[in-house]
Every structure is written in structure tokens, then in C-alpha cells.
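Student: Below is start15.cif; it holds mmCIF, C-alpha atoms.
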```cif
data_data
loop_
_atom_site.label_atom_id
_atom_site.label_comp_id
_atom_site.auth_asym_id
_atom_site.auth_seq_id
_atom_site.Cartn_x
_atom_site.Cartn_y
_atom_site.Cartn_z
CA MET N 1 58.65 2.97 183.82
CA LYS N 2 59.62 2.46 180.18
CA SER N 3 57.42 5.36 179.08
CA THR N 4 58.99 7.61 181.72
CA ALA N 5 62.47 6.67 180.54
CA LEU N 6 61.50 7.23 176.92
CA PHE N 7 60.06 10.67 177.77
CA ALA N 8 63.25 11.57 179.62
CA LEU N 9 65.36 10.48 176.64
CA LEU N 10 63.24 12.48 174.20
CA PHE N 11 63.46 15.51 176.49
CA LEU N 12 67.24 15.16 176.68
CA VAL N 13 67.60 14.83 172.90
CA SER N 14 65.30 17.76 172.19
CA GLY N 15 67.09 19.85 174.80
CA THR N 16 70.44 19.01 173.25
CA SER N 17 69.16 19.93 169.77
CA ALA N 18 67.83 23.24 171.09
CA ALA N 19 71.16 23.96 172.76
CA VAL N 20 73.03 23.24 169.52
CA ALA N 21 70.66 25.48 167.55
CA GLU N 22 71.04 28.23 170.11
CA SER N 23 74.81 27.86 170.04
CA LYS N 24 74.86 28.23 166.26
CA HIS N 25 72.60 31.27 166.47
CA ASP N 26 74.88 32.90 169.02
CA GLY N 27 78.01 32.36 166.96
CA PRO N 28 79.41 34.60 164.21
CA CYS N 29 76.91 34.97 161.43
CA GLY N 30 76.81 36.12 157.85
CA LEU N 31 74.46 35.84 154.91
CA GLU N 32 72.40 32.98 156.34
CA ALA N 33 71.77 34.50 159.77
CA ALA N 34 72.25 37.96 161.21
CA CYS N 35 73.77 38.89 164.55
CA SER N 36 71.36 40.68 166.88
CA VAL N 37 72.01 43.76 168.98
CA GLY N 38 68.80 44.52 170.80
CA GLU N 39 66.18 44.77 168.08
CA ARG N 40 68.75 45.67 165.40
CA ILE N 41 70.96 43.40 163.29
CA TYR N 42 74.31 43.30 161.58
CA ARG N 43 76.30 40.73 159.63
CA ALA N 44 79.99 39.85 159.63
CA LYS N 45 82.42 37.95 157.45
CA ALA N 46 85.99 36.97 158.22
CA PRO N 47 88.61 37.04 155.45
CA GLU N 48 89.55 33.91 153.55
CA ASN N 49 92.45 31.92 155.02
CA TRP N 50 92.02 33.44 158.48
CA ASP N 51 93.46 31.09 161.11
CA GLY N 52 90.60 31.72 163.54
CA LYS N 53 92.95 33.16 166.17
CA GLU N 54 94.80 36.23 164.91
CA ALA N 55 93.28 39.56 165.90
CA LEU N 56 91.64 41.08 162.83
CA PRO N 57 91.47 44.68 161.66
CA VAL N 58 87.86 45.66 161.01
CA LEU N 59 86.14 47.27 158.03
CA ILE N 60 82.66 48.54 158.88
CA HIS N 61 80.65 48.91 155.68
CA PHE N 62 77.50 51.05 155.74
CA HIS N 63 75.15 50.08 152.91
CA GLY N 64 73.51 52.60 150.61
CA TRP N 65 69.91 53.80 150.75
CA LYS N 66 67.36 50.95 150.51
CA ARG N 67 70.11 48.34 150.60
CA ASP N 68 70.55 45.99 153.56
CA SER N 69 73.30 44.27 155.54
CA LYS N 70 73.50 41.39 153.06
CA HIS N 71 74.62 43.66 150.26
CA PRO N 72 78.21 44.32 151.46
CA LEU N 73 78.72 40.59 152.06
CA LYS N 74 77.84 39.92 148.42
CA ASN N 75 79.71 42.92 147.01
CA PRO N 76 82.91 41.85 145.18
CA LYS N 77 84.50 45.24 145.91
CA ALA N 78 84.10 44.77 149.67
CA LEU N 79 85.03 41.08 149.57
CA ASN N 80 88.20 41.78 147.58
CA ALA N 81 89.14 44.40 150.14
CA ILE N 82 88.80 42.17 153.20
CA ASN N 83 90.35 39.12 151.57
CA GLY N 84 93.24 41.08 150.14
CA ASN N 85 93.95 42.88 153.40
CA GLY N 86 92.98 40.23 155.96
CA ALA N 87 90.22 42.27 157.57
CA LEU N 88 86.88 41.41 159.18
CA LEU N 89 83.90 42.83 157.29
CA VAL N 90 81.12 44.15 159.54
CA ALA N 91 77.87 45.26 157.91
CA PRO N 92 75.31 46.95 160.18
CA GLU N 93 71.76 47.30 158.87
CA GLY N 94 69.95 50.62 158.98
CA LEU N 95 66.34 50.81 160.15
CA HIS N 96 64.03 50.88 157.14
CA ARG N 97 67.20 50.36 155.07
CA THR N 98 68.47 53.87 155.63
CA TRP N 99 70.65 55.76 158.11
CA ASP N 100 70.02 58.48 160.66
CA PHE N 101 73.05 60.73 160.14
CA TRP N 102 71.49 64.16 159.79
CA GLU N 103 71.92 65.37 163.38
CA ARG N 104 74.24 64.61 166.28
CA ASP N 105 71.43 63.19 168.42
CA ASN N 106 70.58 60.13 166.35
CA ARG N 107 69.82 56.46 166.81
CA ASP N 108 72.60 55.04 164.66
CA VAL N 109 75.88 56.13 166.28
CA PRO N 110 74.90 54.40 169.56
CA PHE N 111 73.92 51.38 167.45
CA VAL N 112 77.38 51.31 165.84
CA ARG N 113 79.01 51.44 169.27
CA ALA N 114 76.87 48.49 170.37
CA VAL N 115 77.70 46.57 167.20
CA LEU N 116 81.44 46.91 167.77
CA GLU N 117 81.10 45.74 171.36
CA ASP N 118 79.17 42.71 170.16
CA VAL N 119 81.69 42.00 167.39
CA ALA N 120 84.49 41.98 169.99
CA LYS N 121 82.66 39.20 171.86
CA ARG N 122 82.50 37.04 168.75
CA TYR N 123 85.84 37.71 167.06
CA PRO N 124 89.35 38.69 168.18
CA ILE N 125 89.69 42.21 166.79
CA ASP N 126 92.44 44.80 166.67
CA ARG N 127 90.80 47.88 168.15
CA SER N 128 93.59 50.12 166.89
CA ARG N 129 92.70 49.30 163.27
CA ILE N 130 88.95 49.75 162.87
CA PHE N 131 87.92 51.58 159.70
CA ALA N 132 84.56 52.62 158.28
CA THR N 133 83.47 52.88 154.68
CA GLY N 134 80.16 53.25 152.92
CA PHE N 135 78.46 54.38 149.75
CA SER N 136 76.04 57.28 149.28
CA TYR N 137 73.92 57.46 152.45
CA GLY N 138 76.34 54.91 153.86
CA SER N 139 79.19 57.29 153.10
CA ALA N 140 77.44 60.08 155.01
CA MET N 141 76.90 57.63 157.88
CA ALA N 142 80.63 56.92 157.96
CA TRP N 143 81.20 60.68 158.22
CA ARG N 144 78.76 60.90 161.13
CA VAL N 145 80.46 58.02 162.95
CA ALA N 146 83.86 59.66 162.46
CA CYS N 147 82.51 62.93 163.80
CA ASP N 148 80.68 61.55 166.85
CA ALA N 149 82.49 58.25 167.53
CA GLY N 150 86.00 58.99 166.32
CA ASP N 151 87.30 57.45 169.52
CA LEU N 152 86.39 54.04 168.07
CA ILE N 153 87.92 54.20 164.60
CA ALA N 154 91.32 54.79 163.04
CA GLY N 155 89.85 56.33 159.91
CA ILE N 156 87.11 56.41 157.27
CA LEU N 157 87.23 55.47 153.58
CA PRO N 158 83.83 56.63 152.25
CA ALA N 159 82.56 57.13 148.70
CA ALA N 160 80.01 59.53 147.21
CA GLY N 161 78.34 61.07 150.26
CA THR N 162 79.10 63.84 152.77
CA LEU N 163 77.41 65.63 155.65
CA TYR N 164 75.59 68.80 154.64
CA ARG N 165 76.23 72.23 156.14
CA GLN N 166 79.79 71.31 157.10
CA ASP N 167 80.58 74.80 158.39
CA ALA N 168 77.95 74.36 161.11
CA ILE N 169 79.26 70.98 162.30
CA THR N 170 81.78 70.30 165.05
CA CYS N 171 83.16 66.88 165.89
CA PRO N 172 83.31 66.26 169.66
CA THR N 173 85.46 63.14 169.35
CA GLY N 174 88.23 65.07 167.68
CA PRO N 175 90.46 64.58 164.64
CA VAL N 176 90.29 61.41 162.54
CA ASN N 177 92.04 60.14 159.42
CA VAL N 178 89.91 60.54 156.30
CA MET N 179 90.17 59.18 152.74
CA HIS N 180 87.15 60.33 150.72
CA VAL N 181 86.34 59.77 147.03
CA HIS N 182 83.67 61.62 145.03
CA GLY N 183 82.68 62.23 141.42
CA PHE N 184 82.23 65.62 139.77
CA LYS N 185 79.17 64.30 137.90
CA ASP N 186 77.44 62.91 140.99
CA ASN N 187 73.86 64.19 140.78
CA LEU N 188 72.44 62.20 143.72
CA MET N 189 74.73 63.27 146.56
CA LYS N 190 76.56 66.10 144.90
CA MET N 191 80.12 66.83 145.86
CA PRO N 192 80.35 70.26 147.54
CA LEU N 193 82.34 72.64 145.37
CA GLY N 194 83.83 76.04 146.07
CA PRO N 195 84.50 79.01 143.80
CA ASP N 196 85.59 78.03 140.30
CA GLY N 197 84.61 74.44 141.07
CA ASP N 198 87.22 73.96 143.80
CA PRO N 199 86.67 70.42 145.19
CA ASN N 200 88.76 70.95 148.30
CA VAL N 201 85.75 72.35 150.14
CA ALA N 202 84.22 68.85 149.96
CA VAL N 203 86.34 67.93 152.99
CA ASN N 204 86.21 71.28 154.79
CA LEU N 205 84.91 69.62 157.96
CA TRP N 206 87.95 67.36 158.21
CA ARG N 207 90.47 70.00 157.18
CA ARG N 208 89.11 72.19 159.96
CA THR N 209 88.77 69.40 162.53
CA ASN N 210 92.25 68.05 161.82
CA LEU N 211 93.81 71.54 161.83
CA CYS N 212 95.10 71.31 158.26
CA ALA N 213 96.51 74.02 156.01
CA GLY N 214 94.46 75.52 153.21
CA GLU N 215 96.31 73.78 150.39
CA PRO N 216 97.16 70.08 150.23
CA ASP N 217 100.72 68.95 150.84
CA THR N 218 100.75 66.56 147.89
CA SER N 219 98.76 65.78 144.76
CA GLU N 220 99.06 62.43 143.01
CA ILE N 221 97.20 59.87 140.94
CA VAL N 222 95.98 56.96 143.08
CA ASN N 223 94.11 54.11 141.38
CA GLY N 224 93.45 56.43 138.44
CA HIS N 225 91.99 59.22 140.58
CA ASP N 226 93.19 62.74 141.22
CA CYS N 227 94.06 62.65 144.94
CA ARG N 228 95.23 65.50 147.11
CA THR N 229 96.47 64.88 150.67
CA TRP N 230 96.79 67.12 153.71
CA SER N 231 99.48 65.18 155.59
CA SER N 232 101.01 67.86 157.83
CA CYS N 233 97.88 68.72 159.81
CA GLN N 234 98.60 69.98 163.32
CA SER N 235 96.45 67.20 164.79
CA GLY N 236 98.72 64.52 163.36
CA LYS N 237 95.79 63.10 161.38
CA GLU N 238 95.57 63.06 157.61
CA VAL N 239 92.94 64.05 155.06
CA MET N 240 92.89 62.65 151.52
CA LEU N 241 90.37 63.68 148.87
CA CYS N 242 90.21 61.76 145.59
CA VAL N 243 88.03 62.99 142.73
CA HIS N 244 86.97 61.58 139.38
CA ASP N 245 84.85 62.64 136.40
CA ARG N 246 82.10 60.05 136.83
CA GLY N 247 78.84 60.00 138.72
CA HIS N 248 77.36 58.35 141.82
CA ILE N 249 79.58 55.29 142.16
CA VAL N 250 82.16 53.49 144.26
CA PRO N 251 85.09 53.41 141.84
CA LYS N 252 86.52 49.99 141.05
CA GLY N 253 89.37 49.16 143.41
CA TRP N 254 88.64 52.06 145.76
CA ILE N 255 87.80 50.07 148.91
CA ASP N 256 90.69 47.64 148.43
CA ASN N 257 93.28 50.33 147.75
CA ALA N 258 92.01 52.71 150.42
CA LEU N 259 91.98 49.96 153.05
CA SER N 260 95.50 48.91 152.07
CA ILE N 261 96.77 52.48 152.46
CA ALA N 262 94.88 52.96 155.71
CA LEU N 263 96.30 49.79 157.25
CA GLN N 264 99.81 50.99 156.45
CA ARG N 265 99.35 54.55 157.72
CA TYR N 266 96.67 54.78 160.36
CA ARG N 267 96.19 53.42 163.85
CA LEU N 268 93.94 54.60 166.62
CA ASP N 269 95.92 56.00 169.53
CA PRO N 270 96.37 53.19 172.09
CA GLY N 271 94.94 55.33 174.88
CA ALA N 272 91.72 55.98 172.97
CA HIS N 273 90.18 52.61 173.70
CA GLY N 274 92.24 50.48 176.03
CA SER N 275 94.40 47.70 174.63
CA LYS N 276 94.90 47.23 170.92
CA SER N 277 93.50 43.73 170.59
CA VAL N 278 90.56 42.10 172.31
CA GLU N 279 90.06 38.37 172.67
CA PRO N 280 86.52 37.09 172.14
CA GLU N 281 84.51 36.10 175.19
CA SER N 282 83.18 32.90 173.65
CA SER N 283 84.77 29.98 171.84
CA THR N 284 82.08 30.30 169.18
CA ALA N 285 83.79 33.52 168.10
CA LEU N 286 86.49 31.56 166.28
CA ALA N 287 84.10 29.94 163.84
CA ASN N 288 83.97 31.43 160.38
#
```
Show how you would write the structure in this file as C-alpha cells.

Tutor:
Amino acid sequence: MKSTALFALLFLVSGTSAAVAESKHDGPCGLEAACSVGERIYRAKAPENWDGKEALPVLIHFHGWKRDSKHPLKNPKALNAINGNGALLVAPEGLHRTWDFWERDNRDVPFVRAVLEDVAKRYPIDRSRIFATGFSYGSAMAWRVACDAGDLIAGILPAAGTLYRQDAITCPTGPVNVMHVHGFKDNLMKMPLGPDGDPNVAVNLWRRTNLCAGEPDTSEIVNGHDCRTWSSCQSGKEVMLCVHDRGHIVPKGWIDNALSIALQRYRLDPGAHGSKSVEPESSTALAN
């Protein structure tokens, strides 16, 4: 009898421990443990001083080639951006540490859709203020998401990477706000240039998709960069191109400043994806 009772107690304790471990695994996760979506993973980090309840704007950060989902969570530029603007950082991980952005029929846009659905189960998010950024291949991936899943995001803030053959691309999900930065001396993912080195062609896809005029409405210096903005596009969306004289980099302060501007100016149309904010489906979503 005593042995039976002891076995039952051990079973209960072990079962409780397993349940606790499973609960922790299912909660929001960051550097120590990744969130799973099917056989793929992503990581997330809430901003400092978040109260655990307020719906958060989201910054999706696509890592560069041969990086992984841990990199954005350790990147001071990304961390400064989310902490300074009170946003949730979401870092998907590409298969083989790269992204499939070359063609419309790809594996990664559906993955991003699945990631956002999973994030909404774990955190309260503001669906009207979801933005995507990325560097290099990650920048091109942000372009692909904007082109094929623009119904999910309010805008993109990418650096040093575009989609090739822009004239042959159409974006079925319609216009989207764009803030892109690129360097004239980028020799890895070169900025497209027109006659006489005209950089405006670097965002031809978005000028065409957003029904913008040929010349920008304004030109100004933003964070030390030469920025030109098409703000009177017929679509109501905006295109900003910022250029600098350096190479293949994310300029210091770019993510923070771009996210700050985007949060002030851009929101996804309420009808594009239901209500603006979504409460998490599990109490574990409020853990940081």
C-alpha cells in the first residue's frame, strides 16, 4: 500500500514538473528558447518597462544572410528601437539562415503569416501598427513581405537590400508605406541606379505600386542621410528613400528613427485585418 502511494506521489510530482516545463515552453520566448511554428522557429522580445497588458506595435526583423533569429535580439540597434518606441521585436529565422524572397511562390511569406498569428496568441498586439525591417537579404525579405503580404503590415523600414528586376514585379496586396535606406558604395547588394546615377529608381517598385509622381515631394536630411519622400501618392501611401555614401551597413540610428517616424505616420487600414488590437489567447502571453 505504501509503495503504491509513493508511486502515485512520484507520478503526480513528475507530472506537475512536466506540466510546468511545458507551460514555460509554450510561453513567450527569446534568446534562451525559440517559439515554434510547425518545424520553423522565431524569437520575440517585449520592450523594457512594458506593463504586460498594453497592446504592442510590432517590429518584425529579418536577419541577414547566415545570421539567425538570435542576432536581432542581441543587436543594440534593434533593441534601442523597440525600447525607445515601446514595440515588440519579432525575429523569424530563415531556413539554412537565409530567405526565400526571389519569387512570389516561396516558402517564407506563408511562414511570416503563421508567425504573426502565433505572436498574437502569445502577446497583445496592435495589428494596425506592424512594421518590418531587415538588413541585406533580410531587407529584400521585407520587400517581398510588403509586396505579397501588405495586408498584414503598415510599412517597411529596410536597409541595404532590394528585389531585383523591379519592373517585372507586381504587388498583389497593393500599396504599402516604405522607408528604405541604401548606400552608394554598397558592393554586396548594390543600390539600383538610373541614368547619371539617379538613386530614385531604387524604389521604382514602390513608386509605381503606390501611384507616386516621378519626382519626390520633399528632400531633407534625416539622421544625417539624404532623404527624399513621395508623400502625395494617389494611393495615400508614402515612399521614402534615404541614401548615404557608405557601403553595406545599417546606419546607426536608422531603425530607431525610422520606427519612430513610422509609428507617427503609418497605420494599416482598419478594414485590412479586422480589429486593431488582439488580446492573447493564453495567460502565458503576458510574461516577458

Student: I want to know what sits within 7 Å of range 135-148 of chain N, based on all atoms listed in the file, with residues of the same chain fewer than 5 positions away left out; could you give that as a PDB file with C-alpha atoms, in the frame of the given file?

Tutor:
```pdb
ATOM      1  CA  PHE N  62      77.500  51.050 155.740  1.00  0.00           C
ATOM      2  CA  HIS N  63      75.150  50.080 152.910  1.00  0.00           C
ATOM      3  CA  GLY N  64      73.510  52.600 150.610  1.00  0.00           C
ATOM      4  CA  TRP N  65      69.910  53.800 150.750  1.00  0.00           C
ATOM      5  CA  TRP N  99      70.650  55.760 158.110  1.00  0.00           C
ATOM      6  CA  PHE N 101      73.050  60.730 160.140  1.00  0.00           C
ATOM      7  CA  VAL N 109      75.880  56.130 166.280  1.00  0.00           C
ATOM      8  CA  ILE N 156      87.110  56.410 157.270  1.00  0.00           C
ATOM      9  CA  PRO N 158      83.830  56.630 152.250  1.00  0.00           C
ATOM     10  CA  ALA N 159      82.560  57.130 148.700  1.00  0.00           C
ATOM     11  CA  ALA N 160      80.010  59.530 147.210  1.00  0.00           C
ATOM     12  CA  GLY N 161      78.340  61.070 150.260  1.00  0.00           C
ATOM     13  CA  THR N 162      79.100  63.840 152.770  1.00  0.00           C
ATOM     14  CA  LEU N 163      77.410  65.630 155.650  1.00  0.00           C
ATOM     15  CA  CYS N 171      83.160  66.880 165.890  1.00  0.00           C
ATOM     16  CA  PRO N 172      83.310  66.260 169.660  1.00  0.00           C
ATOM     17  CA  THR N 173      85.460  63.140 169.350  1.00  0.00           C
ATOM     18  CA  VAL N 176      90.290  61.410 162.540  1.00  0.00           C
ATOM     19  CA  MET N 189      74.730  63.270 146.560  1.00  0.00           C
ATOM     20  CA  VAL N 250      82.160  53.490 144.260  1.00  0.00           C
TER      21      VAL N 250
END
```

Student: For Met240 in chain N, which residue out of N:Ser128, N:Ser260, N:Ser219, N:Gln166 is the nearest one, using all atoms listed in the file?

Tutor: N:Ser219

Student: Report, in Å with one decimal, the straight-line distance from CA of Met191 in chain N to CA of His248 in chain N.

Tutor: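 Computing it gives 9.8 Å between the two atoms.
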
Student: For the PyMOL selection byres ((chain N and resi 87) around 8), applied here, can you spell out every residue it catches as a compact mmCIF listing (two decimals) with C-alpha atoms, in the coordinates of the input?

Tutor:
```txt
# COMPACT_ATOMS: atom_id res chain seq x y z
CA ALA N 46 85.99 36.97 158.22
CA PRO N 47 88.61 37.04 155.45
CA LEU N 56 91.64 41.08 162.83
CA PRO N 57 91.47 44.68 161.66
CA VAL N 58 87.86 45.66 161.01
CA LEU N 59 86.14 47.27 158.03
CA ALA N 81 89.14 44.40 150.14
CA ILE N 82 88.80 42.17 153.20
CA ASN N 83 90.35 39.12 151.57
CA ASN N 85 93.95 42.88 153.40
CA GLY N 86 92.98 40.23 155.96
CA LEU N 88 86.88 41.41 159.18
CA LEU N 89 83.90 42.83 157.29
```

Student: Need the shell around range 196-203 of chain N: protein/DNA/RNA residues with any atom at most 9 Å away, counting all atoms listed in the file. Skip same-chain ones fewer than 5 positions apart. Format as a tab-separated table (two decimals) with C-alpha atoms, keeping the file's coordinate frame?

Tutor:
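New file out-v1.tsv:
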```
chain	number	residue	atom	x	y	z
N	162	THR	CA	79.10	63.84	152.77
N	166	GLN	CA	79.79	71.31	157.10
N	178	VAL	CA	89.91	60.54	156.30
N	180	HIS	CA	87.15	60.33	150.72
N	182	HIS	CA	83.67	61.62	145.03
N	184	PHE	CA	82.23	65.62	139.77
N	191	MET	CA	80.12	66.83	145.86
N	208	ARG	CA	89.11	72.19	159.96
N	214	GLY	CA	94.46	75.52	153.21
N	215	GLU	CA	96.31	73.78	150.39
N	216	PRO	CA	97.16	70.08	150.23
N	228	ARG	CA	95.23	65.50	147.11
N	239	VAL	CA	92.94	64.05	155.06
N	240	MET	CA	92.89	62.65	151.52
N	241	LEU	CA	90.37	63.68	148.87
N	243	VAL	CA	88.03	62.99	142.73
```

Student: With the PyMOL selection byres ((chain N and resi 234) around 7) as the selection, what would be picked from this file? Answer as a list in words, please.

Tutor: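 Those residues are Asn210, Leu211, Cys212, Ser232, Cys233, Ser235 and Gly236 of chain N.
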
Student: Give the answer as one residue: which of N:Asn177, N:Gly183, N:Pro251, N:Asp269 has the shortest atom-to-atom distance to Trp230 in chain N, using only C-alpha atoms?

Tutor: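 Among N:Asn177, N:Gly183, N:Pro251, N:Asp269, it is N:Asn177 that comes nearest to Trp230 in chain N.
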
Student: For CA of His61 in chain N and CA of Asp226 in chain N, determine how far apart the two atoms are, in Å to one decimal place.

Tutor: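 Result for CA of His61 in chain N versus CA of Asp226 in chain N: 23.6 Å, one decimal.
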
Student: Using all atoms listed in the file, list the residues that have an atom at most 7 Å from (82.2, 53.0, 169.5), coordinates as in the file, as a list in words.

Tutor: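 Applying the cut-off with all atoms listed in the file, one gets Val112, Arg113, Leu116, Ala149, Asp151 and Leu152 of chain N.
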
Student: Which residues are close to Gly30 in chain N, i.e. within 6 Å by all atoms listed in the file, leaving aside same-chain residues fewer than 4 positions away? Reply as a PyMOL selection string.

Tutor: chain N and resi 34+43-45
